[in-house]
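Notes follow the structure.
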Amino acid sequence: MRSLFYTLGSPFARAIRVLLHELELDYGKEEELTTPTVEERAAVTPTLQVPTLRDKGTTLWESGLIADYLLSSYPAPERGDPPLAPHLARPESAWEDRLILATAQTLGSAATIISQMRWAGVAWSDNDYLTRCRDRLPHLLGWLEERLPDTGHGFFGAHLSAQDIFLVCHLDFIANRPLDLDPELEKFPKTDALVTRLRTRPSFLDNPILWWDPDVTGYAEDGRTPLYA
């Protein structure tokens with residue numbers, strides 16, 4: 001039985017959920033609203049991170065590795081507008097494609113570190129390291145913007161790439177957390193257009209990013225409206 005262990009708010013896990021949707025793969029959902037104890041998490045993965053995928057006797061963690069495994073193991077349906085790319089990296093630009101993914105993941109890591117510290121009461125503006133994390137964002141977005149071909153396509157042109165999925169999930173995470181972060185997407189029109197397009201794609205709509213702050217205790221029956229204590 002295929003299953004995915006994740007917390008609802010993780011942008012890394014959301015990207016894998018979107019990818020599973022795009023690949024039309026069923027899976028058991030082992031979800032948590034907030035981070036479980038160290039012991040509970042360590043029973044699933046030694047990294048104490050999510051997502052973790054179990055599939056056909058294989059257990060994998062680290063979202064980029066999981067994405068590579070899924071795209072290498074299962075054929076991408078030849079439908080969708082645009083259709084999903086069948087590989088994590090194209091043979092003719094393998095290292096460039098992997099570098100794009102790594103850069104998008106660095107953006108996600110910077111945002112989630114700021115978010116974790118925000119829960120502990122430390123704003124990015126109060127800490128030099130968190131300020132450096134914040135200062136990375138325009139540089140990362142500028143570099144990624146240069147690698148998008150135009151406002152009508154993602155990184156792989158005629159196909160939806162894992163890189164597209166991860167970048168939009170990370171930017172949606174920033175937009176749905178009270179982090180005092182503004183990526184200023186109006187300065188990055190190709191990235192802004194990509195975000196706008198993917199937010200209306202069925203796989204994104206069915207796996208929404210959820211508003212969350214430390215006082216949220218759950219969600220209403222619509223699966224989106226936060227409930228507070």
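Chain labels A, B, ... are given in the sequence in which chains occur in the structure tokens; within each chain residues are numbered consecutively from 1, and ligands are likewise numbered from 1 in the order shown.
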
So that I can check the surroundings of Gly157 (chain A), please list as a VMD selection string every protein, DNA and RNA residue that reaches within 12 Å of it, counting only C-alpha atoms and ignoring chain neighbours fewer than 2 positions away. chain A and resid 81 to 85 90 147 to 155 159 to 161 163 to 164 194

Next, write the just-selected residues to a file, as a PDB file, in the first residue's frame, keeping C-alpha atoms as the atom set.
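Output (selection.pdb):
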ATOM      1  CA  ASP A  81      -2.671  21.719 -20.080  1.00  0.00           C
ATOM      2  CA  PRO A  82       0.261  21.506 -20.110  1.00  0.00           C
ATOM      3  CA  PRO A  83       0.912  17.785 -19.489  1.00  0.00           C
ATOM      4  CA  LEU A  84       3.260  16.689 -16.730  1.00  0.00           C
ATOM      5  CA  ALA A  85       6.901  16.264 -17.703  1.00  0.00           C
ATOM      6  CA  ARG A  90      15.716  16.467 -19.209  1.00  0.00           C
ATOM      7  CA  ARG A 147      15.339  30.693 -16.377  1.00  0.00           C
ATOM      8  CA  LEU A 148      11.641  30.843 -17.151  1.00  0.00           C
ATOM      9  CA  PRO A 149      11.196  31.180 -20.928  1.00  0.00           C
ATOM     10  CA  ASP A 150       8.263  33.622 -20.883  1.00  0.00           C
ATOM     11  CA  THR A 151       5.030  34.493 -19.051  1.00  0.00           C
ATOM     12  CA  GLY A 152       3.131  31.647 -20.710  1.00  0.00           C
ATOM     13  CA  HIS A 153       5.319  28.655 -19.827  1.00  0.00           C
ATOM     14  CA  GLY A 154       7.097  26.989 -16.939  1.00  0.00           C
ATOM     15  CA  PHE A 155      10.712  25.905 -16.726  1.00  0.00           C
ATOM     16  CA  HIS A 159       5.378  20.516 -19.961  1.00  0.00           C
ATOM     17  CA  LEU A 160       4.573  21.053 -16.285  1.00  0.00           C
ATOM     18  CA  SER A 161       7.747  20.315 -14.342  1.00  0.00           C
ATOM     19  CA  GLN A 163      10.372  22.550 -10.582  1.00  0.00           C
ATOM     20  CA  ASP A 164       7.209  24.528 -11.407  1.00  0.00           C
ATOM     21  CA  LEU A 194       3.312  30.786 -13.335  1.00  0.00           C
TER      22      LEU A 194
END

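Secondary structure of region 154-200 of chain A, alpha helix (DSSP H) only (DSSP, backbone atoms): Ala162, Gln163, Asp164, Ile165, Phe166, Leu167, Val168, Cys169, His170, Leu171, Asp172, Phe173, Ile174, Ala175, Pro189, Lys190, Thr191, Asp192, Ala193, Leu194, Val195, Thr196, Arg197 and Leu198 of chain A.
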
Hey, what does DSSP flag as strand (DSSP E) within region 47-107 of chain A? Can you give it to me as a VMD selection string? chain A and resid 52 to 55 58 to 61

Of the candidates A:Ser3, A:Ser109, A:Phe156, A:Arg136, which one gets nearest to Ser93 (chain A) if we count only C-alpha atoms?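 Closest candidate: A:Phe156.
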
Just the number, please: distance in Å from CA of Leu99 (chain A) to CA of Trp143 (chain A), one decimal. 10.9 Å

Please provide the set of residues having any atom within 8 Å of Ala67 (chain A), restricted to only C-alpha atoms, with same-chain residues fewer than 6 positions apart removed, written as a ChimeraX atom specification. /A:16,19,88,162

Using only C-alpha atoms, please write the residues we just selected to a file, as a compact mmCIF listing (two decimals), in the first residue's frame.
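File written: out-v6.txt
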# COMPACT_ATOMS: atom_id res chain seq x y z
CA ILE A 16 4.51 15.73 -3.49
CA LEU A 19 2.69 15.37 -8.04
CA LEU A 88 12.71 15.33 -13.06
CA ALA A 162 8.38 19.31 -10.76

So how many Å separate CA of Cys169 (chain A) and CA of Pro11 (chain A), to one decimal?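 Rounded to one decimal, the two atoms are 5.3 Å apart.
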
As an exercise, work out the distance from CA of Thr59 (chain A) to CA of Leu210 (chain A) in Å and give it to one decimal place.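 CA of Leu210 (chain A) lies at a distance of 26.5 Å from CA of Thr59 (chain A).
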
Could you give me, as CSV, a per-residue list for region 63-167 of chain A showing, wherever an atom lies at most 12 Å from an atom of region 49-52 of chain A, the closest pair of atoms and their distance in Å to one decimal, using only C-alpha atoms and sorting by chain then residue number from low to high?
residue,atom,partner,partner_atom,distance
A:Ser63,CA,A:Pro51,CA,6.3
A:Gly64,CA,A:Pro51,CA,10.1
A:Leu65,CA,A:Thr52,CA,10.2
A:Ile66,CA,A:Thr52,CA,8.0
A:Ala67,CA,A:Pro51,CA,10.7
A:Ser109,CA,A:Gln49,CA,11.9
A:Thr112,CA,A:Gln49,CA,11.8

Can you write out the residues you just picked, keeping C-alpha atoms, as a CSV table (one decimal), in the first residue's frame?
chain,number,residue,atom,x,y,z
A,63,SER,CA,10.9,15.7,-1.2
A,64,GLY,CA,13.2,16.2,-4.2
A,65,LEU,CA,14.3,12.5,-4.0
A,66,ILE,CA,10.6,11.4,-3.7
A,67,ALA,CA,9.7,13.5,-6.8
A,109,SER,CA,13.9,26.1,3.2
A,112,THR,CA,10.1,27.4,6.5

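Across A:Asn176, A:Ser125, A:Ser203, A:Thr47, the tightest approach to Glu22 (chain A) is made by A:Ser203 when counting only C-alpha atoms.
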
Might you pull out every residue within 12 Å of Leu53 (chain A), with only C-alpha atoms counted and same-chain residues fewer than 4 positions away left off, and present them as a ChimeraX atom specification? /A:1-6,13,16-17,20,27-31,44-45,49,57-67,69-70

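Proximity to Arg201 (chain A) was assessed for A:Glu96, A:Lys187, A:Gly80, A:Arg54 counting only C-alpha atoms; the smallest distance is recorded for A:Gly80.
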
Hey, which of A:Leu227, A:Ala175, A:Leu101, A:Ala120 ends up closest to Leu140 (chain A)? Count only C-alpha atoms.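 Of A:Leu227, A:Ala175, A:Leu101, A:Ala120, the one nearest Leu140 (chain A), counting only C-alpha atoms, is A:Leu101.
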